[in-house]
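Structure first, then comments.
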Amino acid sequence: HFTSIAMLHRNDGFAVGSAGTMWRFNGSRWIRVNLPTNVTLHSVFVSGHICYAVGELGMMFRWSGTTWVSIISNTTVNLNDVSFYDNSFGLIVGDGGCVLRTVDGGRTWLRMNLGFSVHINALNIVSRELIFAVGNGGLLLRSINGGTTWTIIRISSEDLTGISFRAGIGWIAGAGGRLYAFSSDNFDESGYHFSLTRRGIRFNGENTVVQLASSPAYGVTSSLTLMAWIHPTTFG
């Protein structure tokens, strides 16, 4: 099964999944990419010249422009998400409170000391200072100094699997199907939640009000967009 997808543009992108699965879209079809691993890849990130994939047992790959190269992560924990803010600043999060940070485009990675152990499933880098992440047991994490130190609160009992933050509003997807909302000005346990299933969420634009729930209960000035479609018949 697939776990993550990222597009460079409409005609080029990568999807990753279980057993070392990776596929690349060439504008018309998906082509299998052979990787020297059979572990599950949990996340792929592509933007400009920055392309990384991470997965179980500390597995990390970097796109060289022609091929995917295995990178030593110096950890054996499962790595669950990778993201960059720009061409130099990026983070990787994983099990056991693992947070890896780079400030040189991925040439070197430094493990940050969270001071606690939590399985972190997803992150969203808002700026070089403001970073959010979510994990198992309903935990929401925030850093306001680029990942050096973190504040942690519990907003639910279910595992949290996705997060997106835009225009002062954060949205979090829960494994049980709930969607939570919070604001940076009200960073506490009083989150809103709705019975909608989302594994990963991204928002684009600021001109459309989206109301979530079976009946209109909450609005946010962002338009909800799907990251990508995968059509099964285009795999080859």
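By order of appearance in the structure tokens: chains A, B, ..., then residues from 1 within every chain, and ligands from 1 in the order shown.
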Report task. Please identify all polymer residues within 9 Å of region 32-48 of chain A, counting only C-alpha atoms, omitting same-chain residues fewer than 4 positions from it, and present them as JSON, numbers by chain. Result -> {"A": [2, 3, 4, 5, 6, 7, 8, 9, 13, 14, 15, 16, 17, 18, 19, 20, 21, 22, 23, 24, 52, 53, 54, 55, 56, 57, 59, 60, 63, 68, 69, 70, 78, 79, 80, 81, 82, 83, 84, 86, 87, 235, 236]}
Requested in this report: Do a neighbour search on Thr108 (chain A) at 12 Å with only C-alpha atoms, toss out local chain neighbours closer than 6 positions, and write the hits as a list in words.
Outcome: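 Contacts, in chain order: Ile71, Ile72, Ser73, Asn74, Ser88, Phe89, Gly90, Leu91, Leu100, Arg101 and Thr102 of chain A.
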Requested in this report: Check the DSSP output for the backbone and give back, as a ChimeraX atom specification, the residues of region 15-110 of chain A in strand (DSSP E or B).
Outcome: /A:15-17,22-25,30-32,41-47,50-55,60-63,68-71,79-84,90-94,99-102,110
Writing out the chosen residues with C-alpha atoms as a CSV table (one decimal), in the first residue's frame:
chain,number,residue,atom,x,y,z
A,15,ALA,CA,4.9,7.9,-4.4
A,16,VAL,CA,6.2,5.6,-1.7
A,17,GLY,CA,4.8,2.7,0.4
A,22,MET,CA,8.5,3.7,-4.9
A,23,TRP,CA,6.9,4.9,-8.1
A,24,ARG,CA,7.6,7.9,-10.3
A,25,PHE,CA,5.1,9.8,-12.4
A,30,TRP,CA,3.7,5.7,-13.1
A,31,ILE,CA,7.0,3.8,-13.4
A,32,ARG,CA,8.4,1.5,-10.7
A,41,LEU,CA,8.8,4.1,3.3
A,42,HIS,CA,6.6,6.4,5.3
A,43,SER,CA,7.2,9.8,3.7
A,44,VAL,CA,8.6,11.4,0.6
A,45,PHE,CA,9.3,15.2,0.1
A,46,VAL,CA,10.2,16.9,-3.2
A,47,SER,CA,10.6,20.6,-3.8
A,50,ILE,CA,15.5,18.9,-2.4
A,51,CYS,CA,14.1,15.4,-2.6
A,52,TYR,CA,14.1,12.9,0.4
A,53,ALA,CA,12.3,9.7,1.4
A,54,VAL,CA,12.3,8.2,4.9
A,55,GLY,CA,11.0,5.0,6.4
A,60,MET,CA,16.7,7.6,4.4
A,61,PHE,CA,17.1,8.3,0.7
A,62,ARG,CA,18.1,11.4,-1.2
A,63,TRP,CA,17.5,12.1,-4.9
A,68,TRP,CA,18.0,7.7,-5.2
A,69,VAL,CA,21.0,7.4,-2.9
A,70,SER,CA,20.9,5.8,0.6
A,71,ILE,CA,21.9,8.2,3.4
A,79,LEU,CA,11.3,7.7,10.5
A,80,ASN,CA,7.7,8.9,9.7
A,81,ASP,CA,7.8,12.3,8.0
A,82,VAL,CA,10.3,14.6,6.3
A,83,SER,CA,9.8,18.2,5.3
A,84,PHE,CA,11.8,21.3,4.3
A,90,GLY,CA,14.5,20.8,7.1
A,91,LEU,CA,13.3,18.2,9.7
A,92,ILE,CA,12.6,14.5,10.0
A,93,VAL,CA,10.5,13.1,12.7
A,94,GLY,CA,10.0,9.5,13.9
A,99,VAL,CA,13.7,14.7,15.5
A,100,LEU,CA,16.5,15.2,13.0
A,101,ARG,CA,17.3,18.8,11.8
A,102,THR,CA,19.4,20.0,8.9
A,110,LEU,CA,21.6,16.7,14.0
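By chain and then residue number, the residues within 7 Å of region 137-145 of chain A are Glu129, Leu130, Ile131, Phe132, Trp150, Thr151, Ile152, Ile153, Arg154, Ile155, Ser156, Ser157, Glu158, Asp159 and Leu160 of chain A, counting only C-alpha atoms and disregarding those fewer than 5 positions away in sequence.
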Query raised in the report: Quick one: residues within 7 Å of region 115-126 of chain A, only C-alpha atoms counted, chain neighbours fewer than 6 positions away excluded, as a VMD selection string?
Result: chain A and resid 80 to 81 85 93 to 97 132 to 136 161 to 165
Deliver the residues from the most recent selection as a file, using C-alpha atoms, as an mmCIF file, in the first residue's frame.
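Generated file (out-v8.cif):
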data_model
loop_
_atom_site.group_PDB
_atom_site.id
_atom_site.type_symbol
_atom_site.label_atom_id
_atom_site.label_comp_id
_atom_site.auth_asym_id
_atom_site.auth_seq_id
_atom_site.Cartn_x
_atom_site.Cartn_y
_atom_site.Cartn_z
ATOM 1 C CA ASN A 80 7.712 8.862 9.720
ATOM 2 C CA ASP A 81 7.812 12.257 8.013
ATOM 3 C CA TYR A 85 11.030 24.956 4.712
ATOM 4 C CA VAL A 93 10.453 13.083 12.745
ATOM 5 C CA GLY A 94 9.971 9.519 13.907
ATOM 6 C CA ASP A 95 9.367 7.078 16.708
ATOM 7 C CA GLY A 96 10.826 7.470 20.189
ATOM 8 C CA GLY A 97 10.744 11.270 19.995
ATOM 9 C CA PHE A 132 4.178 21.837 14.583
ATOM 10 C CA ALA A 133 4.125 18.050 14.850
ATOM 11 C CA VAL A 134 1.637 15.373 15.923
ATOM 12 C CA GLY A 135 2.015 11.894 17.338
ATOM 13 C CA ASN A 136 0.448 8.887 18.971
ATOM 14 C CA THR A 161 -1.579 11.214 11.704
ATOM 15 C CA GLY A 162 -1.523 14.496 9.761
ATOM 16 C CA ILE A 163 -1.189 18.237 10.304
ATOM 17 C CA SER A 164 -1.407 21.402 8.225
ATOM 18 C CA PHE A 165 -1.102 24.991 9.454
#
